[in-house]
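Enquirer: Attaching a single structure in structure tokens format; questions to follow.
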Amino acid sequence: MRSPLALLRHRLANLGEQGRRRSSLLRRVPPLHDLLELAARVGYGARGFVYLSAGLLILLAAVDLVGDTVGIKGTLDWLAMRPLGRVWMVLVGLGLAAFVVWRVLQSVFDADHEGTSRHGLSTRMSQAFSGFSYAALSFAAFSLLVRAPEGDPAVEGVIRSREQAETVLALPFGKWILVGAGLAIFGIGAGNVVKAWREDFTAYLACSAKTCRRVAPLARIGHVARGLAYLPLAVLVVFAGLKSSASDVTSLGAALEAVERQPAGPWILIAVALGFVAFGAFSFIEARFRRIRPPRDLNPLA
């Protein structure tokens with residue numbers, strides 16, 4: 001007996017086939033499988049654009065060519081304030097939304113065939129958390145269409161983070177929730193560093209062995225940079241929770257700015273910036289060469 005999900009999918013497929021037979025316009029629409037693959041590739045490209053932009057802005061801040069350092073969200077604020085900013089936000093928002101769709105297919109419907117082993121479930125859970133973060137980033141891009149930033153993106157990022165911290169601290173056990181959030185950020189950062197050394201990033205690429213050897217270092221450098229960038233922010237959030245002080249919470253950009261003020265800080269910031277650029281570049285490589293296999297049977301337990 002078919003599951004309700006399988007029955008729904010079968011009925012939708014029948015409706016699609018009927019529509020194609022009746023409409024010449026619908027017959028030109030690619031099959032759903034091809035549309036999902038396109039969404040994944042557009043998503044990887046959007047992620048690459050965001051990280052490449054963030055890396056360049058951090059690099060320019062490190063050499064004092066722009067103002068304060070900004071993080072990923074601050075990069076969207078900065079882009080929204082440029083000419084054609086609303087166009088950029090629409091494109092980035094849609095691209096990241098497409099990437100969220102792909103993350104859902106990976107985590108829920110196991111598009112990468114990771115399976116239900118402990119390692120497979122861990123990978124799929126990581127993809128699910130990634131989907132949530134990019135969904136928030138996509139929402140942030142669309143929200144900038146309604147309310148464009150009015151001041152310095154770096155300052156607005158700190159204010160926004162502290163407002164969120166105040167909301168958390170006002171909850172029951174808010175102090176420990178904030179500490180947990182800091183530990184989660186630390187775990188994300190450490191996980192990226194570990195992944196940089198353990199993951200075979202070329203296993204999912206459909207390119208020549210020579211090309212794979214050349215692009216793999218971009219992924220490793222990018223994941224190390226992403227991981228190290230989150231660690232200072234994680235420490236600050238944990239301490240803010242322990243002291244129940246929202247004023248000690250800061251943004252990713254401000255945390256990197258604090259790193260820059262330390263001995264050899266500018267060089268560390270330049271390394272992080274180049275790592276973000278490398279991660280963005282590898283995302284473009286994935287947009288072109290990644291094996292995208294949208295599941296034909298949408299069964300979470302398959």
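Letters A, B, ... go to the chains of the structure tokens in the order shown; residues in each chain start at 1; ligands are counted from 1 in the same order.
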Would you tabulate, counting only C-alpha atoms, all residues of stretch 52-124 of chain A that have an atom at most 12 Å from an atom of stretch 204-216 of chain A, showing the closest pair of atoms and their distance in Å to one decimal, sorted by chain then ascending number, as a tab-separated table?

Expert:
residue	atom	partner	partner_atom	distance
A:Ala111	CA	A:Tyr204	CA	11.6
A:Asp112	CA	A:Tyr204	CA	8.6
A:His113	CA	A:Tyr204	CA	11.2
A:Glu114	CA	A:Tyr204	CA	11.8

Enquirer: With N, CA and C atoms retained, export the selected residues as a PDB file, in the first residue's frame.

Expert:
ATOM      1  N   ALA A 111      19.418  13.291  -0.893  1.00  0.00           N
ATOM      2  CA  ALA A 111      19.786  13.402  -2.310  1.00  0.00           C
ATOM      3  C   ALA A 111      21.201  12.912  -2.587  1.00  0.00           C
ATOM      4  N   ASP A 112      22.088  12.975  -1.590  1.00  0.00           N
ATOM      5  CA  ASP A 112      23.473  12.537  -1.790  1.00  0.00           C
ATOM      6  C   ASP A 112      23.703  11.077  -1.398  1.00  0.00           C
ATOM      7  N   HIS A 113      22.610  10.385  -1.047  1.00  0.00           N
ATOM      8  CA  HIS A 113      22.684   8.961  -0.702  1.00  0.00           C
ATOM      9  C   HIS A 113      23.654   8.708   0.457  1.00  0.00           C
ATOM     10  N   GLU A 114      23.534   9.513   1.501  1.00  0.00           N
ATOM     11  CA  GLU A 114      24.376   9.338   2.681  1.00  0.00           C
ATOM     12  C   GLU A 114      23.899   8.171   3.540  1.00  0.00           C
TER      13      GLU A 114
END

Enquirer: Could you produce a table of the residues of stretch 201-237 of chain A lying within 9 Å of stretch 258-271 of chain A, with the nearest pair of atoms per residue and their separation in Å rounded to one decimal, using only C-alpha atoms, ordered by chain and increasing residue number, as CSV?

Expert:
residue,atom,partner,partner_atom,distance
A:Ala225,CA,A:Ala271,CA,7.5
A:Ala229,CA,A:Leu269,CA,8.9
A:Pro232,CA,A:Val259,CA,7.7

Enquirer: For stretch 151-160 of chain A, work out the shell of residues within 9 Å, counting only C-alpha atoms and skipping chain neighbours fewer than 5 positions away, then give it as a compact mmCIF listing (two decimals) with C-alpha atoms, in the first residue's frame.

Expert:
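Wrote it out as result.txt, contents follow:
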# COMPACT_ATOMS: atom_id res chain seq x y z
CA GLY A 67 35.36 51.08 7.02
CA ASP A 68 34.91 48.48 9.74
CA THR A 69 34.90 44.76 9.04
CA VAL A 70 31.51 43.20 8.29
CA GLY A 71 30.32 39.61 8.39
CA LYS A 73 24.85 39.64 7.01
CA GLY A 74 26.78 42.91 6.99
CA THR A 75 27.86 42.11 3.45
CA LEU A 76 24.21 41.98 2.39
CA ASP A 77 23.64 45.34 4.10
CA TRP A 78 26.63 46.78 2.25
CA ALA A 165 20.63 38.71 22.87
CA VAL A 249 27.37 40.25 22.43
CA THR A 250 28.66 41.38 19.08
CA SER A 251 28.41 40.52 15.40
CA LEU A 252 30.70 38.35 13.31
CA GLY A 253 32.17 41.44 11.69
CA ALA A 254 32.84 43.14 15.04

Enquirer: Where in stretch 18-213 of chain A does DSSP assign helix (DSSP H, G or I), given as a PyMOL selection string?

Expert: chain A and resi 18-22+24-27+32-62+72-80+85-107+118-146+153-169+174-198+209-213

Enquirer: For each of A:Leu32, A:Ala170, A:Val50, A:Leu59, take the minimum atom-to-atom distance to A:Leu91, counting only C-alpha atoms, then give the residue where this is smallest.

Expert: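 Closest to A:Leu91, using only C-alpha atoms: A:Val50.
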
Enquirer: Tell me which protein, DNA and RNA residues are within 12 Å of A:Ile285, counting only C-alpha atoms, leaving out same-chain ones fewer than 3 positions away, and put them as a ChimeraX atom specification.

Expert: /A:41-42,44-49,201-202,204-207,211-212,214-216,218-219,278-282,288-291

Enquirer: What does the file look like for those residues with C-alpha atoms, as an mmCIF file, in the first residue's frame?

Expert:
data_model
loop_
_atom_site.group_PDB
_atom_site.id
_atom_site.type_symbol
_atom_site.label_atom_id
_atom_site.label_comp_id
_atom_site.auth_asym_id
_atom_site.auth_seq_id
_atom_site.Cartn_x
_atom_site.Cartn_y
_atom_site.Cartn_z
ATOM 1 C CA ARG A 41 23.355 24.963 -9.122
ATOM 2 C CA VAL A 42 21.888 28.466 -8.803
ATOM 3 C CA TYR A 44 25.714 27.122 -5.031
ATOM 4 C CA GLY A 45 26.377 30.135 -7.233
ATOM 5 C CA ALA A 46 24.489 32.446 -4.861
ATOM 6 C CA ARG A 47 26.441 31.106 -1.893
ATOM 7 C CA GLY A 48 29.657 31.666 -3.810
ATOM 8 C CA PHE A 49 28.706 35.255 -4.601
ATOM 9 C CA PHE A 201 35.513 17.462 -1.388
ATOM 10 C CA THR A 202 36.177 16.042 -4.847
ATOM 11 C CA TYR A 204 30.907 14.933 -5.342
ATOM 12 C CA LEU A 205 32.502 16.639 -8.348
ATOM 13 C CA ALA A 206 32.085 15.461 -11.936
ATOM 14 C CA CYS A 207 35.352 16.820 -13.288
ATOM 15 C CA THR A 211 40.814 19.715 -12.140
ATOM 16 C CA CYS A 212 39.752 18.077 -8.877
ATOM 17 C CA ARG A 214 43.503 21.871 -8.337
ATOM 18 C CA VAL A 215 40.218 22.933 -6.750
ATOM 19 C CA ALA A 216 40.264 20.749 -3.612
ATOM 20 C CA LEU A 218 40.076 25.941 -2.229
ATOM 21 C CA ALA A 219 37.504 23.931 -0.260
ATOM 22 C CA ALA A 278 38.502 30.592 -1.630
ATOM 23 C CA PHE A 279 35.240 29.210 -0.240
ATOM 24 C CA GLY A 280 33.259 31.434 -2.590
ATOM 25 C CA ALA A 281 35.368 30.298 -5.530
ATOM 26 C CA PHE A 282 34.839 26.637 -4.625
ATOM 27 C CA ARG A 288 29.427 23.955 -12.359
ATOM 28 C CA PHE A 289 30.760 20.481 -11.563
ATOM 29 C CA ARG A 290 28.876 19.070 -8.574
ATOM 30 C CA ARG A 291 26.936 15.882 -9.098
#

Enquirer: Within 10 Å of A:Gly187, counting only C-alpha atoms, which residues show up once you throw out same-chain ones fewer than 4 positions away? Write them as a short mmCIF file (atom, residue, chain, number, x, y, z; two decimals) with N, CA and C atoms, in the first residue's frame, please.

Expert:
data_model
loop_
_atom_site.label_atom_id
_atom_site.label_comp_id
_atom_site.auth_asym_id
_atom_site.auth_seq_id
_atom_site.Cartn_x
_atom_site.Cartn_y
_atom_site.Cartn_z
N ALA A 181 23.85 28.88 22.72
CA ALA A 181 24.01 29.43 21.37
C ALA A 181 25.48 29.67 21.06
N GLY A 182 26.21 30.17 22.05
CA GLY A 182 27.65 30.38 21.85
C GLY A 182 28.38 29.08 21.62
N LEU A 183 28.02 28.05 22.39
CA LEU A 183 28.66 26.74 22.20
C LEU A 183 28.30 26.14 20.85
N GLY A 191 33.63 22.38 13.70
CA GLY A 191 33.22 21.39 12.72
C GLY A 191 33.73 21.70 11.33
N ASN A 192 33.74 22.99 10.99
CA ASN A 192 34.28 23.38 9.67
C ASN A 192 35.76 23.09 9.56
N VAL A 193 36.50 23.33 10.65
CA VAL A 193 37.94 23.06 10.63
C VAL A 193 38.20 21.57 10.49
N GLY A 227 35.61 28.30 9.73
CA GLY A 227 35.64 27.81 11.10
C GLY A 227 36.33 28.77 12.05
N TYR A 230 34.38 31.99 13.09
CA TYR A 230 33.29 31.88 14.06
C TYR A 230 33.78 31.74 15.49
N LEU A 231 35.01 31.31 15.70
CA LEU A 231 35.47 31.02 17.06
C LEU A 231 35.50 32.25 17.96
N ALA A 234 31.98 33.02 19.01
CA ALA A 234 31.46 32.03 19.93
C ALA A 234 31.91 32.32 21.36
#

Enquirer: Within 12 Å of A:Met89, counting only C-alpha atoms, which residues qualify if same-chain residues fewer than 2 places away don't, as a PDB file with N, CA and C atoms, in the first residue's frame?

Expert:
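For reference, out38.pdb as written:
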ATOM      1  N   ALA A  46      24.849  31.356  -5.771  1.00  0.00           N
ATOM      2  CA  ALA A  46      24.489  32.446  -4.861  1.00  0.00           C
ATOM      3  C   ALA A  46      25.347  32.414  -3.610  1.00  0.00           C
ATOM      4  N   PHE A  49      28.703  33.795  -4.461  1.00  0.00           N
ATOM      5  CA  PHE A  49      28.706  35.255  -4.601  1.00  0.00           C
ATOM      6  C   PHE A  49      28.749  35.934  -3.236  1.00  0.00           C
ATOM      7  N   VAL A  50      27.972  35.414  -2.271  1.00  0.00           N
ATOM      8  CA  VAL A  50      27.933  36.027  -0.935  1.00  0.00           C
ATOM      9  C   VAL A  50      29.291  35.920  -0.258  1.00  0.00           C
ATOM     10  N   LYS A  73      26.051  38.782   7.051  1.00  0.00           N
ATOM     11  CA  LYS A  73      24.854  39.640   7.015  1.00  0.00           C
ATOM     12  C   LYS A  73      25.235  41.080   6.711  1.00  0.00           C
ATOM     13  N   THR A  75      27.576  42.038   4.882  1.00  0.00           N
ATOM     14  CA  THR A  75      27.860  42.113   3.446  1.00  0.00           C
ATOM     15  C   THR A  75      26.589  42.374   2.657  1.00  0.00           C
ATOM     16  N   LEU A  76      25.489  41.716   3.060  1.00  0.00           N
ATOM     17  CA  LEU A  76      24.211  41.980   2.394  1.00  0.00           C
ATOM     18  C   LEU A  76      23.792  43.431   2.604  1.00  0.00           C
ATOM     19  N   ASP A  77      23.962  43.939   3.837  1.00  0.00           N
ATOM     20  CA  ASP A  77      23.642  45.344   4.104  1.00  0.00           C
ATOM     21  C   ASP A  77      24.450  46.260   3.193  1.00  0.00           C
ATOM     22  N   TRP A  78      25.732  45.958   3.071  1.00  0.00           N
ATOM     23  CA  TRP A  78      26.626  46.785   2.249  1.00  0.00           C
ATOM     24  C   TRP A  78      26.189  46.753   0.786  1.00  0.00           C
ATOM     25  N   LEU A  79      25.857  45.569   0.280  1.00  0.00           N
ATOM     26  CA  LEU A  79      25.426  45.446  -1.112  1.00  0.00           C
ATOM     27  C   LEU A  79      24.107  46.177  -1.342  1.00  0.00           C
ATOM     28  N   ALA A  80      23.209  46.124  -0.345  1.00  0.00           N
ATOM     29  CA  ALA A  80      21.903  46.778  -0.485  1.00  0.00           C
ATOM     30  C   ALA A  80      22.037  48.291  -0.592  1.00  0.00           C
ATOM     31  N   MET A  81      23.127  48.837  -0.068  1.00  0.00           N
ATOM     32  CA  MET A  81      23.333  50.285  -0.094  1.00  0.00           C
ATOM     33  C   MET A  81      24.048  50.749  -1.364  1.00  0.00           C
ATOM     34  N   ARG A  82      24.457  49.818  -2.208  1.00  0.00           N
ATOM     35  CA  ARG A  82      25.137  50.163  -3.453  1.00  0.00           C
ATOM     36  C   ARG A  82      24.114  50.407  -4.566  1.00  0.00           C
ATOM     37  N   PRO A  83      24.560  50.996  -5.692  1.00  0.00           N
ATOM     38  CA  PRO A  83      23.657  51.133  -6.846  1.00  0.00           C
ATOM     39  C   PRO A  83      23.099  49.763  -7.261  1.00  0.00           C
ATOM     40  N   LEU A  84      21.836  49.736  -7.637  1.00  0.00           N
ATOM     41  CA  LEU A  84      21.128  48.503  -7.984  1.00  0.00           C
ATOM     42  C   LEU A  84      21.055  47.540  -6.793  1.00  0.00           C
ATOM     43  N   GLY A  85      21.102  48.098  -5.575  1.00  0.00           N
ATOM     44  CA  GLY A  85      21.088  47.261  -4.383  1.00  0.00           C
ATOM     45  C   GLY A  85      19.862  46.383  -4.286  1.00  0.00           C
ATOM     46  N   ARG A  86      18.698  46.899  -4.639  1.00  0.00           N
ATOM     47  CA  ARG A  86      17.466  46.100  -4.569  1.00  0.00           C
ATOM     48  C   ARG A  86      17.509  44.940  -5.554  1.00  0.00           C
ATOM     49  N   VAL A  87      18.103  45.174  -6.719  1.00  0.00           N
ATOM     50  CA  VAL A  87      18.239  44.086  -7.696  1.00  0.00           C
ATOM     51  C   VAL A  87      19.133  42.989  -7.128  1.00  0.00           C
ATOM     52  N   LEU A  91      18.092  38.978  -6.382  1.00  0.00           N
ATOM     53  CA  LEU A  91      18.840  37.865  -6.964  1.00  0.00           C
ATOM     54  C   LEU A  91      19.462  36.986  -5.880  1.00  0.00           C
ATOM     55  N   VAL A  92      20.067  37.620  -4.877  1.00  0.00           N
ATOM     56  CA  VAL A  92      20.694  36.851  -3.798  1.00  0.00           C
ATOM     57  C   VAL A  92      19.636  36.111  -2.986  1.00  0.00           C
ATOM     58  N   GLY A  93      18.521  36.782  -2.684  1.00  0.00           N
ATOM     59  CA  GLY A  93      17.458  36.136  -1.918  1.00  0.00           C
ATOM     60  C   GLY A  93      16.899  34.921  -2.626  1.00  0.00           C
ATOM     61  N   LEU A  94      16.636  35.060  -3.932  1.00  0.00           N
ATOM     62  CA  LEU A  94      16.112  33.928  -4.697  1.00  0.00           C
ATOM     63  C   LEU A  94      17.148  32.815  -4.810  1.00  0.00           C
ATOM     64  N   GLY A  95      18.407  33.197  -5.044  1.00  0.00           N
ATOM     65  CA  GLY A  95      19.464  32.192  -5.159  1.00  0.00           C
ATOM     66  C   GLY A  95      19.641  31.405  -3.877  1.00  0.00           C
ATOM     67  N   LEU A  96      19.651  32.095  -2.734  1.00  0.00           N
ATOM     68  CA  LEU A  96      19.801  31.404  -1.456  1.00  0.00           C
ATOM     69  C   LEU A  96      18.569  30.561  -1.140  1.00  0.00           C
ATOM     70  N   ALA A  97      17.382  31.030  -1.534  1.00  0.00           N
ATOM     71  CA  ALA A  97      16.175  30.225  -1.348  1.00  0.00           C
ATOM     72  C   ALA A  97      16.266  28.930  -2.153  1.00  0.00           C
ATOM     73  N   LEU A 137      19.399  33.753   6.000  1.00  0.00           N
ATOM     74  CA  LEU A 137      20.126  34.723   5.179  1.00  0.00           C
ATOM     75  C   LEU A 137      19.285  35.160   3.988  1.00  0.00           C
ATOM     76  N   SER A 138      18.546  34.214   3.401  1.00  0.00           N
ATOM     77  CA  SER A 138      17.652  34.562   2.302  1.00  0.00           C
ATOM     78  C   SER A 138      16.566  35.523   2.775  1.00  0.00           C
ATOM     79  N   PHE A 139      15.996  35.235   3.954  1.00  0.00           N
ATOM     80  CA  PHE A 139      14.977  36.122   4.526  1.00  0.00           C
ATOM     81  C   PHE A 139      15.562  37.508   4.782  1.00  0.00           C
ATOM     82  N   ALA A 140      16.803  37.555   5.263  1.00  0.00           N
ATOM     83  CA  ALA A 140      17.451  38.845   5.522  1.00  0.00           C
ATOM     84  C   ALA A 140      17.611  39.642   4.233  1.00  0.00           C
ATOM     85  N   ALA A 141      17.947  38.954   3.138  1.00  0.00           N
ATOM     86  CA  ALA A 141      18.085  39.642   1.853  1.00  0.00           C
ATOM     87  C   ALA A 141      16.752  40.236   1.413  1.00  0.00           C
ATOM     88  N   PHE A 142      15.686  39.462   1.528  1.00  0.00           N
ATOM     89  CA  PHE A 142      14.368  39.974   1.122  1.00  0.00           C
ATOM     90  C   PHE A 142      13.891  41.091   2.051  1.00  0.00           C
ATOM     91  N   SER A 143      14.242  41.000   3.337  1.00  0.00           N
ATOM     92  CA  SER A 143      13.822  42.044   4.276  1.00  0.00           C
ATOM     93  C   SER A 143      14.472  43.381   3.953  1.00  0.00           C
ATOM     94  N   LEU A 144      15.634  43.345   3.322  1.00  0.00           N
ATOM     95  CA  LEU A 144      16.309  44.582   2.941  1.00  0.00           C
ATOM     96  C   LEU A 144      15.588  45.296   1.798  1.00  0.00           C
ATOM     97  N   LEU A 145      14.679  44.585   1.113  1.00  0.00           N
ATOM     98  CA  LEU A 145      13.850  45.241   0.105  1.00  0.00           C
ATOM     99  C   LEU A 145      12.810  46.136   0.757  1.00  0.00           C
ATOM    100  N   VAL A 146      12.417  45.770   1.986  1.00  0.00           N
ATOM    101  CA  VAL A 146      11.410  46.542   2.723  1.00  0.00           C
ATOM    102  C   VAL A 146      12.057  47.664   3.517  1.00  0.00           C
ATOM    103  N   ARG A 147      13.170  47.331   4.192  1.00  0.00           N
ATOM    104  CA  ARG A 147      13.851  48.330   5.010  1.00  0.00           C
ATOM    105  C   ARG A 147      15.336  48.290   4.707  1.00  0.00           C
ATOM    106  N   ALA A 148      15.787  49.207   3.884  1.00  0.00           N
ATOM    107  CA  ALA A 148      17.200  49.276   3.541  1.00  0.00           C
ATOM    108  C   ALA A 148      17.978  49.817   4.737  1.00  0.00           C
TER     109      ALA A 148
END
